[in-house]
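entry.cif follows; it contains mmCIF, C-alpha atoms (C1' of nucleotides); chains and numbers go by the auth columns.
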```cif
data_model
#
loop_
_atom_site.group_PDB
_atom_site.id
_atom_site.type_symbol
_atom_site.label_atom_id
_atom_site.label_comp_id
_atom_site.label_asym_id
_atom_site.label_seq_id
_atom_site.Cartn_x
_atom_site.Cartn_y
_atom_site.Cartn_z
_atom_site.B_iso_or_equiv
_atom_site.auth_seq_id
_atom_site.auth_asym_id
ATOM 1 C CA MET A 1 61.459 120.830 102.180 0.00 217 Q
ATOM 2 C CA ASN A 2 59.611 117.631 101.218 0.00 218 Q
ATOM 3 C CA SER A 3 58.141 115.203 103.756 0.00 219 Q
ATOM 4 C CA SER A 4 60.800 112.505 103.336 0.00 220 Q
ATOM 5 C CA ILE A 5 63.538 114.951 104.216 0.00 221 Q
ATOM 6 C CA SER A 6 61.732 116.269 107.271 0.00 222 Q
ATOM 7 C CA LYS A 7 61.224 112.669 108.436 0.00 223 Q
ATOM 8 C CA ILE A 8 64.931 111.995 107.971 0.00 224 Q
ATOM 9 C CA LEU A 9 65.842 115.149 109.926 0.00 225 Q
ATOM 10 C CA LYS A 10 63.409 114.298 112.708 0.00 226 Q
ATOM 11 C CA LYS A 11 64.638 110.709 113.104 0.00 227 Q
ATOM 12 C CA LEU A 12 68.279 111.773 113.080 0.00 228 Q
ATOM 13 C CA GLN A 13 67.482 114.362 115.736 0.00 229 Q
ATOM 14 C CA VAL A 14 65.834 111.732 117.957 0.00 230 Q
ATOM 15 C CA HIS A 15 68.578 109.123 117.561 0.00 231 Q
ATOM 16 C CA TYR A 16 71.531 111.499 117.742 0.00 232 Q
ATOM 17 C CA PRO A 17 70.502 114.276 120.161 0.00 233 Q
ATOM 18 C CA GLN A 18 74.028 115.500 120.840 0.00 234 Q
ATOM 19 C CA THR A 19 75.865 117.206 118.025 0.00 235 Q
ATOM 20 C CA GLN A 20 79.234 117.632 119.639 0.00 236 Q
ATOM 21 C CA CYS A 21 82.515 117.395 117.792 0.00 237 Q
ATOM 22 C CA PHE A 22 84.234 114.095 118.567 0.00 238 Q
ATOM 23 C CA LEU A 23 87.696 115.660 118.431 0.00 239 Q
ATOM 24 C CA LYS A 24 89.247 116.585 121.771 0.00 240 Q
ATOM 25 C CA TYR A 25 90.762 120.043 122.138 0.00 241 Q
ATOM 26 C CA GLN A 26 91.292 122.805 124.694 0.00 242 Q
ATOM 27 C CA THR A 27 91.506 125.875 122.463 0.00 243 Q
ATOM 28 C CA PRO A 28 90.322 126.972 119.003 0.00 244 Q
ATOM 29 C CA PHE A 29 93.915 126.675 117.746 0.00 245 Q
ATOM 30 C CA GLN A 30 94.075 123.083 118.943 0.00 246 Q
ATOM 31 C CA LEU A 31 90.823 122.336 117.113 0.00 247 Q
ATOM 32 C CA VAL A 32 92.372 123.641 113.884 0.00 248 Q
ATOM 33 C CA CYS A 33 95.325 121.270 114.332 0.00 249 Q
ATOM 34 C CA ALA A 34 93.050 118.343 115.208 0.00 250 Q
ATOM 35 C CA VAL A 35 90.826 118.864 112.160 0.00 251 Q
ATOM 36 C CA ILE A 36 93.852 119.063 109.852 0.00 252 Q
ATOM 37 C CA LEU A 37 95.070 115.776 111.345 0.00 253 Q
ATOM 38 C CA SER A 38 91.660 114.147 110.869 0.00 254 Q
ATOM 39 C CA ALA A 39 91.996 113.982 107.070 0.00 255 Q
ATOM 40 C CA GLN A 40 91.713 110.310 106.027 0.00 256 Q
ATOM 41 C CA CYS A 41 92.076 109.305 109.653 0.00 257 Q
ATOM 42 C CA THR A 42 89.629 108.368 112.385 0.00 258 Q
ATOM 43 C CA ASP A 43 88.886 110.891 115.138 0.00 259 Q
ATOM 44 C CA GLU A 44 89.766 108.194 117.638 0.00 260 Q
ATOM 45 C CA ARG A 45 93.327 108.017 116.359 0.00 261 Q
ATOM 46 C CA VAL A 46 93.610 111.808 116.241 0.00 262 Q
ATOM 47 C CA ASN A 47 92.533 111.923 119.888 0.00 263 Q
ATOM 48 C CA ARG A 48 95.273 109.440 120.788 0.00 264 Q
ATOM 49 C CA THR A 49 97.827 111.629 118.999 0.00 265 Q
ATOM 50 C CA THR A 50 96.992 115.194 119.991 0.00 266 Q
ATOM 51 C CA PRO A 51 97.499 115.130 123.782 0.00 267 Q
ATOM 52 C CA LEU A 52 101.283 114.751 123.422 0.00 268 Q
ATOM 53 C CA LEU A 53 101.402 117.164 120.474 0.00 269 Q
ATOM 54 C CA PHE A 54 99.568 119.859 122.434 0.00 270 Q
ATOM 55 C CA LYS A 55 101.615 119.169 125.563 0.00 271 Q
ATOM 56 C CA ASN A 56 104.773 119.964 123.591 0.00 272 Q
ATOM 57 C CA PHE A 57 103.362 122.808 121.481 0.00 273 Q
ATOM 58 C CA PRO A 58 100.151 124.166 123.039 0.00 274 Q
ATOM 59 C CA THR A 59 99.874 127.555 121.295 0.00 275 Q
ATOM 60 C CA PRO A 60 100.257 128.882 117.742 0.00 276 Q
ATOM 61 C CA GLU A 61 103.374 130.733 118.851 0.00 277 Q
ATOM 62 C CA LYS A 62 105.046 127.607 120.230 0.00 278 Q
ATOM 63 C CA MET A 63 103.887 125.417 117.333 0.00 279 Q
ATOM 64 C CA ALA A 64 105.264 128.018 114.890 0.00 280 Q
ATOM 65 C CA ARG A 65 108.715 127.634 116.463 0.00 281 Q
ATOM 66 C CA ALA A 66 108.606 123.826 116.576 0.00 282 Q
ATOM 67 C CA PRO A 67 111.101 121.826 114.510 0.00 283 Q
ATOM 68 C CA ILE A 68 109.191 120.208 111.655 0.00 284 Q
ATOM 69 C CA LYS A 69 110.780 116.851 112.454 0.00 285 Q
ATOM 70 C CA ALA A 70 109.360 117.005 115.975 0.00 286 Q
ATOM 71 C CA ILE A 71 105.849 117.600 114.639 0.00 287 Q
ATOM 72 C CA GLU A 72 106.282 114.803 112.086 0.00 288 Q
ATOM 73 C CA THR A 73 107.281 112.341 114.790 0.00 289 Q
ATOM 74 C CA LEU A 74 104.414 113.329 117.079 0.00 290 Q
ATOM 75 C CA ILE A 75 101.715 113.007 114.410 0.00 291 Q
ATOM 76 C CA HIS A 76 103.247 110.117 112.437 0.00 292 Q
ATOM 77 C CA SER A 77 100.478 107.609 113.137 0.00 293 Q
ATOM 78 C CA THR A 78 97.729 109.787 111.631 0.00 294 Q
ATOM 79 C CA GLY A 79 99.096 109.220 108.124 0.00 295 Q
ATOM 80 C CA PHE A 80 100.095 111.816 105.501 0.00 296 Q
ATOM 81 C CA TYR A 81 102.390 113.011 108.244 0.00 297 Q
ATOM 82 C CA ARG A 82 104.790 115.066 106.111 0.00 298 Q
ATOM 83 C CA HIS A 83 101.982 117.105 104.533 0.00 299 Q
ATOM 84 C CA LYS A 84 100.138 117.462 107.805 0.00 300 Q
ATOM 85 C CA ALA A 85 103.248 118.527 109.750 0.00 301 Q
ATOM 86 C CA LYS A 86 104.100 121.130 107.120 0.00 302 Q
ATOM 87 C CA ASN A 87 100.513 122.405 107.055 0.00 303 Q
ATOM 88 C CA ILE A 88 100.259 122.635 110.842 0.00 304 Q
ATOM 89 C CA LEU A 89 103.581 124.490 110.990 0.00 305 Q
ATOM 90 C CA GLU A 90 102.623 126.964 108.244 0.00 306 Q
ATOM 91 C CA CYS A 91 99.142 127.447 109.717 0.00 307 Q
ATOM 92 C CA SER A 92 100.639 128.183 113.104 0.00 308 Q
ATOM 93 C CA LYS A 93 102.940 130.831 111.639 0.00 309 Q
ATOM 94 C CA ILE A 94 100.068 132.525 109.803 0.00 310 Q
ATOM 95 C CA ILE A 95 97.765 132.353 112.817 0.00 311 Q
ATOM 96 C CA HIS A 96 100.496 133.732 115.078 0.00 312 Q
ATOM 97 C CA HIS A 97 101.862 136.469 112.806 0.00 313 Q
ATOM 98 C CA THR A 98 98.912 137.534 110.654 0.00 314 Q
ATOM 99 C CA TYR A 99 96.014 136.850 112.997 0.00 315 Q
ATOM 100 C CA HIS A 100 97.844 137.423 116.299 0.00 316 Q
ATOM 101 C CA GLY A 101 96.814 134.052 117.662 0.00 317 Q
ATOM 102 C CA GLN A 102 93.136 134.347 116.748 0.00 318 Q
ATOM 103 C CA ILE A 103 91.461 131.854 114.390 0.00 319 Q
ATOM 104 C CA PRO A 104 89.895 133.513 111.302 0.00 320 Q
ATOM 105 C CA SER A 105 86.092 133.586 111.451 0.00 321 Q
ATOM 106 C CA THR A 106 85.130 133.430 107.777 0.00 322 Q
ATOM 107 C CA LEU A 107 85.160 130.569 105.283 0.00 323 Q
ATOM 108 C CA GLU A 108 87.106 132.705 102.821 0.00 324 Q
ATOM 109 C CA GLU A 109 89.962 133.327 105.250 0.00 325 Q
ATOM 110 C CA LEU A 110 90.010 129.780 106.614 0.00 326 Q
ATOM 111 C CA VAL A 111 90.348 128.070 103.228 0.00 327 Q
ATOM 112 C CA ARG A 112 93.413 130.220 102.556 0.00 328 Q
ATOM 113 C CA LEU A 113 95.235 128.414 105.369 0.00 329 Q
ATOM 114 C CA PRO A 114 97.419 125.559 104.109 0.00 330 Q
ATOM 115 C CA GLY A 115 95.798 122.173 104.631 0.00 331 Q
ATOM 116 C CA VAL A 116 92.374 123.741 105.183 0.00 332 Q
ATOM 117 C CA GLY A 117 89.743 123.069 102.509 0.00 333 Q
ATOM 118 C CA ARG A 118 85.983 123.628 102.614 0.00 334 Q
ATOM 119 C CA LYS A 119 85.310 120.588 104.784 0.00 335 Q
ATOM 120 C CA THR A 120 87.869 121.547 107.415 0.00 336 Q
ATOM 121 C CA ALA A 121 86.849 125.221 107.287 0.00 337 Q
ATOM 122 C CA ASN A 122 83.172 124.342 107.786 0.00 338 Q
ATOM 123 C CA VAL A 123 84.034 122.188 110.819 0.00 339 Q
ATOM 124 C CA ILE A 124 86.041 125.026 112.380 0.00 340 Q
ATOM 125 C CA LEU A 125 83.356 127.650 111.667 0.00 341 Q
ATOM 126 C CA GLY A 126 80.574 125.509 113.102 0.00 342 Q
ATOM 127 C CA GLU A 127 82.500 124.366 116.119 0.00 343 Q
ATOM 128 C CA ILE A 128 84.195 127.612 117.177 0.00 344 Q
ATOM 129 C CA TYR A 129 81.855 130.304 115.881 0.00 345 Q
ATOM 130 C CA LYS A 130 78.578 128.353 115.537 0.00 346 Q
ATOM 131 C CA LYS A 131 78.416 129.731 111.987 0.00 347 Q
ATOM 132 C CA SER A 132 77.236 127.870 108.886 0.00 348 Q
ATOM 133 C CA GLU A 133 78.508 129.394 105.678 0.00 349 Q
ATOM 134 C CA GLY A 134 78.411 125.912 104.185 0.00 350 Q
ATOM 135 C CA ILE A 135 77.872 122.269 105.098 0.00 351 Q
ATOM 136 C CA VAL A 136 80.565 119.838 106.231 0.00 352 Q
ATOM 137 C CA VAL A 137 80.774 117.203 103.507 0.00 353 Q
ATOM 138 C CA ASP A 138 83.238 114.521 104.489 0.00 354 Q
ATOM 139 C CA THR A 139 83.323 110.937 103.285 0.00 355 Q
ATOM 140 C CA HIS A 140 80.378 109.970 105.543 0.00 356 Q
ATOM 141 C CA VAL A 141 78.139 112.883 104.580 0.00 357 Q
ATOM 142 C CA ALA A 142 78.923 112.259 100.921 0.00 358 Q
ATOM 143 C CA ARG A 143 78.199 108.528 101.119 0.00 359 Q
ATOM 144 C CA LEU A 144 74.986 108.813 103.164 0.00 360 Q
ATOM 145 C CA SER A 145 73.633 111.692 101.068 0.00 361 Q
ATOM 146 C CA GLN A 146 74.068 109.504 98.011 0.00 362 Q
ATOM 147 C CA ARG A 147 72.508 106.444 99.634 0.00 363 Q
ATOM 148 C CA LEU A 148 69.551 108.513 100.810 0.00 364 Q
ATOM 149 C CA GLN A 149 69.390 110.059 97.341 0.00 365 Q
ATOM 150 C CA LEU A 150 69.547 113.592 98.686 0.00 366 Q
ATOM 151 C CA THR A 151 71.977 114.211 95.820 0.00 367 Q
ATOM 152 C CA GLN A 152 72.977 112.707 92.511 0.00 368 Q
ATOM 153 C CA SER A 153 76.362 114.425 92.570 0.00 369 Q
ATOM 154 C CA SER A 154 79.675 112.742 93.259 0.00 370 Q
ATOM 155 C CA THR A 155 82.033 115.564 94.247 0.00 371 Q
ATOM 156 C CA ALA A 156 82.029 117.028 97.755 0.00 372 Q
ATOM 157 C CA GLU A 157 81.521 120.551 96.453 0.00 373 Q
ATOM 158 C CA LYS A 158 78.436 119.689 94.374 0.00 374 Q
ATOM 159 C CA ILE A 159 76.980 117.577 97.166 0.00 375 Q
ATOM 160 C CA GLU A 160 77.417 120.536 99.517 0.00 376 Q
ATOM 161 C CA GLN A 161 75.524 122.814 97.084 0.00 377 Q
ATOM 162 C CA ASP A 162 72.727 120.234 96.727 0.00 378 Q
ATOM 163 C CA LEU A 163 72.363 119.873 100.502 0.00 379 Q
ATOM 164 C CA MET A 164 72.409 123.645 100.986 0.00 380 Q
ATOM 165 C CA GLY A 165 69.482 123.852 98.589 0.00 381 Q
ATOM 166 C CA ILE A 166 67.493 121.159 100.389 0.00 382 Q
ATOM 167 C CA LEU A 167 68.092 121.823 104.093 0.00 383 Q
ATOM 168 C CA PRO A 168 67.173 124.852 106.204 0.00 384 Q
ATOM 169 C CA GLN A 169 70.356 126.666 107.235 0.00 385 Q
ATOM 170 C CA SER A 170 69.495 126.230 110.906 0.00 386 Q
ATOM 171 C CA GLU A 171 69.992 122.466 110.474 0.00 387 Q
ATOM 172 C CA TRP A 172 73.290 122.527 108.578 0.00 388 Q
ATOM 173 C CA ILE A 173 75.700 122.031 111.467 0.00 389 Q
ATOM 174 C CA ALA A 174 73.672 119.400 113.323 0.00 390 Q
ATOM 175 C CA PHE A 175 72.839 117.527 110.112 0.00 391 Q
ATOM 176 C CA SER A 176 76.486 116.824 109.299 0.00 392 Q
ATOM 177 C CA HIS A 177 77.317 115.761 112.845 0.00 393 Q
ATOM 178 C CA ARG A 178 74.358 113.365 112.915 0.00 394 Q
ATOM 179 C CA LEU A 179 75.037 111.916 109.466 0.00 395 Q
ATOM 180 C CA ILE A 180 78.648 111.310 110.494 0.00 396 Q
ATOM 181 C CA GLN A 181 77.574 109.488 113.666 0.00 397 Q
ATOM 182 C CA HIS A 182 75.136 107.416 111.631 0.00 398 Q
ATOM 183 C CA GLY A 183 77.839 106.665 109.077 0.00 399 Q
ATOM 184 C CA ARG A 184 80.126 105.398 111.816 0.00 400 Q
ATOM 185 C CA ASN A 185 77.462 103.385 113.647 0.00 401 Q
ATOM 186 C CA LEU A 186 75.124 101.873 111.070 0.00 402 Q
ATOM 187 C CA CYS A 187 75.486 103.152 107.541 0.00 403 Q
ATOM 188 C CA ILE A 188 79.054 101.873 107.383 0.00 404 Q
ATOM 189 C CA ALA A 189 80.953 102.253 104.122 0.00 405 Q
ATOM 190 C CA ARG A 190 81.773 98.593 103.538 0.00 406 Q
ATOM 191 C CA LYS A 191 78.694 96.929 104.961 0.00 407 Q
ATOM 192 C CA PRO A 192 75.662 99.107 105.755 0.00 408 Q
ATOM 193 C CA ARG A 193 73.380 97.531 108.371 0.00 409 Q
ATOM 194 C CA CYS A 194 70.145 98.360 106.586 0.00 410 Q
ATOM 195 C CA ASN A 195 68.200 95.627 108.395 0.00 411 Q
ATOM 196 C CA ILE A 196 68.407 97.495 111.701 0.00 412 Q
ATOM 197 C CA CYS A 197 68.422 101.048 110.308 0.00 413 Q
ATOM 198 C CA PHE A 198 65.754 103.485 111.466 0.00 414 Q
ATOM 199 C CA LEU A 199 65.930 105.314 108.123 0.00 415 Q
ATOM 200 C CA GLN A 200 64.954 102.197 106.137 0.00 416 Q
ATOM 201 C CA SER A 201 61.600 103.524 104.966 0.00 417 Q
ATOM 202 C CA GLN A 202 63.188 106.798 103.785 0.00 418 Q
ATOM 203 C CA CYS A 203 66.165 105.153 102.093 0.00 419 Q
ATOM 204 C CA PRO A 204 66.169 103.905 98.481 0.00 420 Q
ATOM 205 C CA SER A 205 69.444 102.039 99.090 0.00 421 Q
ATOM 206 C CA ALA A 206 67.977 100.076 102.021 0.00 422 Q
ATOM 207 C CA PHE A 207 65.194 98.977 99.690 0.00 423 Q
ATOM 208 C CA LEU A 208 67.745 97.764 97.163 0.00 424 Q
ATOM 209 C CA GLU A 209 69.743 95.915 99.843 0.00 425 Q
ATOM 210 C CA LYS A 210 66.587 94.182 101.047 0.00 426 Q
ATOM 211 C CA ASN A 211 65.774 92.853 97.595 0.00 427 Q
ATOM 212 C CA LYS A 212 69.175 91.395 96.951 0.00 428 Q
ATOM 213 C CA SER A 213 69.093 87.614 96.625 0.00 429 Q
ATOM 214 C CA ASN A 214 71.917 86.610 98.932 0.00 430 Q
ATOM 215 C "C1'" DC B 1 93.732 113.087 87.668 0.00 175 M
ATOM 216 C "C1'" DT B 2 97.615 111.731 91.125 0.00 176 M
ATOM 217 C "C1'" DC B 3 100.060 111.899 95.247 0.00 177 M
ATOM 218 C "C1'" DC B 4 100.492 111.930 100.103 0.00 178 M
ATOM 219 C "C1'" DC B 5 100.530 107.696 104.083 0.00 179 M
ATOM 220 C "C1'" DG B 6 99.621 104.815 108.634 0.00 180 M
ATOM 221 C "C1'" DA B 7 96.256 101.831 110.953 0.00 181 M
ATOM 222 C "C1'" DT B 8 92.481 98.866 110.952 0.00 182 M
ATOM 223 C "C1'" DA B 9 88.330 95.955 109.509 0.00 183 M
ATOM 224 C "C1'" DT B 10 86.922 92.572 106.303 0.00 184 M
ATOM 225 C "C1'" DA C 1 95.104 91.533 99.663 0.00 20 Y
ATOM 226 C "C1'" DT C 2 92.089 95.403 99.669 0.00 21 Y
ATOM 227 C "C1'" DA C 3 89.011 99.129 101.002 0.00 22 Y
ATOM 228 C "C1'" DT C 4 88.440 102.762 104.040 0.00 23 Y
ATOM 229 C "C1'" DC C 5 89.201 106.247 107.625 0.00 24 Y
ATOM 230 C "C1'" DA C 6 85.395 113.451 109.783 0.00 25 Y
ATOM 231 C "C1'" DG C 7 90.854 115.488 102.699 0.00 26 Y
ATOM 232 C "C1'" DG C 8 93.813 118.786 100.444 0.00 27 Y
ATOM 233 C "C1'" DA C 9 97.187 120.333 97.089 0.00 28 Y
ATOM 234 C "C1'" DG C 10 99.640 120.179 92.735 0.00 29 Y
#
```

Could I get this file's structure written as structure tokens?
Amino acid sequence: MNSSISKILKKLQVHYPQTQCFLKYQTPFQLVCAVILSAQCTDERVNRTTPLLFKNFPTPEKMARAPIKAIETLIHSTGFYRHKAKNILECSKIIHHTYHGQIPSTLEELVRLPGVGRKTANVILGEIYKKSEGIVVDTHVARLSQRLQLTQSSTAEKIEQDLMGILPQSEWIAFSHRLIQHGRNLCIARKPRCNICFLQSQCPSAFLEKNKSN
DNA sequence: CTCCCGATAT
DNA sequence: ATATCAGGAG
């Protein structure tokens, strides 16, 4: 691990000490539903949606018996609601019937669930089982990794491989959480606030921003 | 690659 | 008006 990367890790650790999931949930099953809903949607909106969803259908068994229209209505505001409702329903059936209500504990099993890709599976593994088989690469992690030039790749899968090669496995879970917080707070997609960013001296993109003539 | 899809900031 | 939000499937 080179010195720039260890500085980045250290600063992120100091500025974002807590690495908790922002999604609200009571049970592992509810986390699975919340993470599926969080695709292309802010966690804040998911958290405004899930309380009523989980009040109506709190367990995999009850969600598996829910009318799809009811799920669609309850999650409508998170977007992609037809896909997400179908995925949550199918997931609930599989979790109830095949896994007897337990959430699978390997990446391989998780990505077989409908609506669960590597990003979602890595969130679930890290959050429920504290396991890192991979690294959560969402839109924030992808964007910040590129800006910090930790990768030259453009697809989530390649970026994940690059990061796995660079970072010690013990840092994988916390790294994603911290990068996501930083992406929300400062290194915003549309208008990064490089002038007040504590990673300025480690960030090639901040240097470029600074030398723009505008 | 396209499609799914509502809410919000700019 | 348009880009973007803790993406995944066909």

Which polymer residues have any atom within 12 Å of an atom of Gln397 of chain Q, counting all atoms listed in the file, with same-chain residues fewer than 4 positions away left out, as a ChimeraX atom specification?
/Q:228-229,231-238,259,354-357,360,390-393,401-404 /Y:25

Create the file for the chosen residues now, containing C-alpha atoms (C1' of nucleotides) and written as an mmCIF file, keeping the file's coordinate frame.
```cif
data_model
loop_
_atom_site.group_PDB
_atom_site.id
_atom_site.type_symbol
_atom_site.label_atom_id
_atom_site.label_comp_id
_atom_site.auth_asym_id
_atom_site.auth_seq_id
_atom_site.Cartn_x
_atom_site.Cartn_y
_atom_site.Cartn_z
ATOM 1 C CA LEU Q 228 68.279 111.773 113.080
ATOM 2 C CA GLN Q 229 67.482 114.362 115.736
ATOM 3 C CA HIS Q 231 68.578 109.123 117.561
ATOM 4 C CA TYR Q 232 71.531 111.499 117.742
ATOM 5 C CA PRO Q 233 70.502 114.276 120.161
ATOM 6 C CA GLN Q 234 74.028 115.500 120.840
ATOM 7 C CA THR Q 235 75.865 117.206 118.025
ATOM 8 C CA GLN Q 236 79.234 117.632 119.639
ATOM 9 C CA CYS Q 237 82.515 117.395 117.792
ATOM 10 C CA PHE Q 238 84.234 114.095 118.567
ATOM 11 C CA ASP Q 259 88.886 110.891 115.138
ATOM 12 C CA ASP Q 354 83.238 114.521 104.489
ATOM 13 C CA THR Q 355 83.323 110.937 103.285
ATOM 14 C CA HIS Q 356 80.378 109.970 105.543
ATOM 15 C CA VAL Q 357 78.139 112.883 104.580
ATOM 16 C CA LEU Q 360 74.986 108.813 103.164
ATOM 17 C CA ALA Q 390 73.672 119.400 113.323
ATOM 18 C CA PHE Q 391 72.839 117.527 110.112
ATOM 19 C CA SER Q 392 76.486 116.824 109.299
ATOM 20 C CA HIS Q 393 77.317 115.761 112.845
ATOM 21 C CA ASN Q 401 77.462 103.385 113.647
ATOM 22 C CA LEU Q 402 75.124 101.873 111.070
ATOM 23 C CA CYS Q 403 75.486 103.152 107.541
ATOM 24 C CA ILE Q 404 79.054 101.873 107.383
ATOM 25 C "C1'" DA Y 25 85.395 113.451 109.783
#
```

What is the atom CA of Asn263 of chain Q-atom CA of Lys240 of chain Q distance in Å, reported with one decimal?
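Going from atom CA of Asn263 of chain Q over to atom CA of Lys240 of chain Q covers 6.0 Å.
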
For this structure, which residues satisfy the selection - the PyMOL selection byres ((chain M) within 8 of (chain Q)) - when it is evaluated on the file as given? I want them as a PDB file with C-alpha atoms (C1' of nucleotides), in the coordinates of the input.
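And here is the file that came out, out-v2.pdb:
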```
ATOM      1  C1'  DC M 178     100.492 111.930 100.103  1.00  0.00           C
ATOM      2  C1'  DC M 179     100.530 107.696 104.083  1.00  0.00           C
ATOM      3  C1'  DG M 180      99.621 104.815 108.634  1.00  0.00           C
ATOM      4  C1'  DA M 181      96.256 101.831 110.953  1.00  0.00           C
TER       5       DA M 181
END
```

Resolved residues for the PyMOL selection byres ((chain Q and resi 322-339) around 6) as a PyMOL selection string
(chain Q and resi 303+307+320-321+340-343+352-353) or (chain Y and resi 27)

Please find the residues of chain Y near chain Q - the criterion being any atom within 8 Å, counting only C-alpha atoms (C1' of nucleotides) - and write them as a count of residues only.
7

Go ahead and compute the interatomic distance for atom CA of Ser348 of chain Q and atom CA of Leu415 of chain Q, in Å to one decimal.
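These atoms are spaced 25.2 Å apart.
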
Could you name the residues that touch Thr371 of chain Q at 10 Å or less, counting all atoms listed in the file, but leaving out those on the same chain fewer than 3 positions away, as a list in words?
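Listed by chain and then number, they are Val353, Ala358, Gln368, Lys374, Ile375 and Glu376 of chain Q.
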
Could you turn the residues from that selection into a file that holds C-alpha atoms, as a JSON list (two decimals), in the coordinates of the input?
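Generated output (selection01.json):
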```
[["chain", "number", "residue", "atom", "x", "y", "z"],
["Q", 353, "VAL", "CA", 80.77, 117.20, 103.51],
["Q", 358, "ALA", "CA", 78.92, 112.26, 100.92],
["Q", 368, "GLN", "CA", 72.98, 112.71, 92.51],
["Q", 374, "LYS", "CA", 78.44, 119.69, 94.37],
["Q", 375, "ILE", "CA", 76.98, 117.58, 97.17],
["Q", 376, "GLU", "CA", 77.42, 120.54, 99.52]]
```

Step by step, work through what the PyMOL selection byres ((chain Q and resi 275) around 10) selects in the shown file, and finish by giving those residues as number ranges by chain.
Q: 243-246, 270-274, 276-280, 308, 311-312, 317

Listed atoms of segment 268-276 of chain Q, axis-aligned box, 4 Å per side: centre and edge lengths to one decimal in Å, as JSON?
```
{"center_x": 102.2, "center_y": 121.8, "center_z": 121.7, "size_x": 13.2, "size_y": 22.1, "size_z": 15.8}
```

Report the distance between atom CA of Leu383 of chain Q and atom CA of Lys347 of chain Q in Å, rounded to one decimal place.
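Straight-line distance from atom CA of Leu383 of chain Q to atom CA of Lys347 of chain Q works out to 15.2 Å.
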
Counting all atoms listed in the file, the option among Q:His316, Q:Arg264, Q:Lys285, Q:Lys227 closest to His398 of chain Q
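Closest candidate: Q:Lys227.
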
Enumerate, as a PyMOL selection string, the protein, DNA and RNA residues whose atoms approach (99.3, 118.6, 92.5) to within 9 Å, taking into account only C-alpha atoms (C1' of nucleotides) and the coordinate frame of the file.
(chain M and resi 176-177) or (chain Y and resi 28-29)

Rebuild segment 289-299 of chain Q so that it carries N, CA, C and O atoms, then output the result as a PDB file, in the frame of the given file.
```
ATOM      1  N   THR Q 289     107.201 113.508 113.901  1.00  0.00           N
ATOM      2  CA  THR Q 289     107.281 112.341 114.790  1.00  0.00           C
ATOM      3  C   THR Q 289     106.027 112.221 115.651  1.00  0.00           C
ATOM      4  O   THR Q 289     105.480 111.122 115.814  1.00  0.00           O
ATOM      5  N   LEU Q 290     105.563 113.354 116.175  1.00  0.00           N
ATOM      6  CA  LEU Q 290     104.414 113.329 117.079  1.00  0.00           C
ATOM      7  C   LEU Q 290     103.112 112.930 116.384  1.00  0.00           C
ATOM      8  O   LEU Q 290     102.238 112.322 116.996  1.00  0.00           O
ATOM      9  N   ILE Q 291     102.991 113.275 115.102  1.00  0.00           N
ATOM     10  CA  ILE Q 291     101.715 113.007 114.410  1.00  0.00           C
ATOM     11  C   ILE Q 291     101.812 111.838 113.442  1.00  0.00           C
ATOM     12  O   ILE Q 291     100.863 111.551 112.708  1.00  0.00           O
ATOM     13  N   HIS Q 292     102.960 111.146 113.441  1.00  0.00           N
ATOM     14  CA  HIS Q 292     103.247 110.117 112.437  1.00  0.00           C
ATOM     15  C   HIS Q 292     102.088 109.137 112.200  1.00  0.00           C
ATOM     16  O   HIS Q 292     101.746 108.807 111.069  1.00  0.00           O
ATOM     17  N   SER Q 293     101.466 108.688 113.265  1.00  0.00           N
ATOM     18  CA  SER Q 293     100.478 107.609 113.137  1.00  0.00           C
ATOM     19  C   SER Q 293      99.164 108.051 112.506  1.00  0.00           C
ATOM     20  O   SER Q 293      98.298 107.225 112.233  1.00  0.00           O
ATOM     21  N   THR Q 294      98.981 109.344 112.259  1.00  0.00           N
ATOM     22  CA  THR Q 294      97.729 109.787 111.631  1.00  0.00           C
ATOM     23  C   THR Q 294      97.796 109.695 110.110  1.00  0.00           C
ATOM     24  O   THR Q 294      96.807 109.954 109.437  1.00  0.00           O
ATOM     25  N   GLY Q 295      98.960 109.312 109.574  1.00  0.00           N
ATOM     26  CA  GLY Q 295      99.096 109.220 108.124  1.00  0.00           C
ATOM     27  C   GLY Q 295      99.304 110.568 107.463  1.00  0.00           C
ATOM     28  O   GLY Q 295      99.039 111.609 108.076  1.00  0.00           O
ATOM     29  N   PHE Q 296      99.789 110.567 106.223  1.00  0.00           N
ATOM     30  CA  PHE Q 296     100.095 111.816 105.501  1.00  0.00           C
ATOM     31  C   PHE Q 296     100.883 112.765 106.373  1.00  0.00           C
ATOM     32  O   PHE Q 296     100.685 113.975 106.351  1.00  0.00           O
ATOM     33  N   TYR Q 297     101.809 112.207 107.161  1.00  0.00           N
ATOM     34  CA  TYR Q 297     102.390 113.011 108.244  1.00  0.00           C
ATOM     35  C   TYR Q 297     103.295 114.142 107.765  1.00  0.00           C
ATOM     36  O   TYR Q 297     103.406 115.153 108.431  1.00  0.00           O
ATOM     37  N   ARG Q 298     103.935 113.973 106.596  1.00  0.00           N
ATOM     38  CA  ARG Q 298     104.790 115.066 106.111  1.00  0.00           C
ATOM     39  C   ARG Q 298     103.964 116.274 105.690  1.00  0.00           C
ATOM     40  O   ARG Q 298     104.261 117.408 106.077  1.00  0.00           O
ATOM     41  N   HIS Q 299     102.890 116.018 104.922  1.00  0.00           N
ATOM     42  CA  HIS Q 299     101.982 117.105 104.533  1.00  0.00           C
ATOM     43  C   HIS Q 299     101.371 117.769 105.752  1.00  0.00           C
ATOM     44  O   HIS Q 299     101.337 118.990 105.871  1.00  0.00           O
TER      45      HIS Q 299
END
```
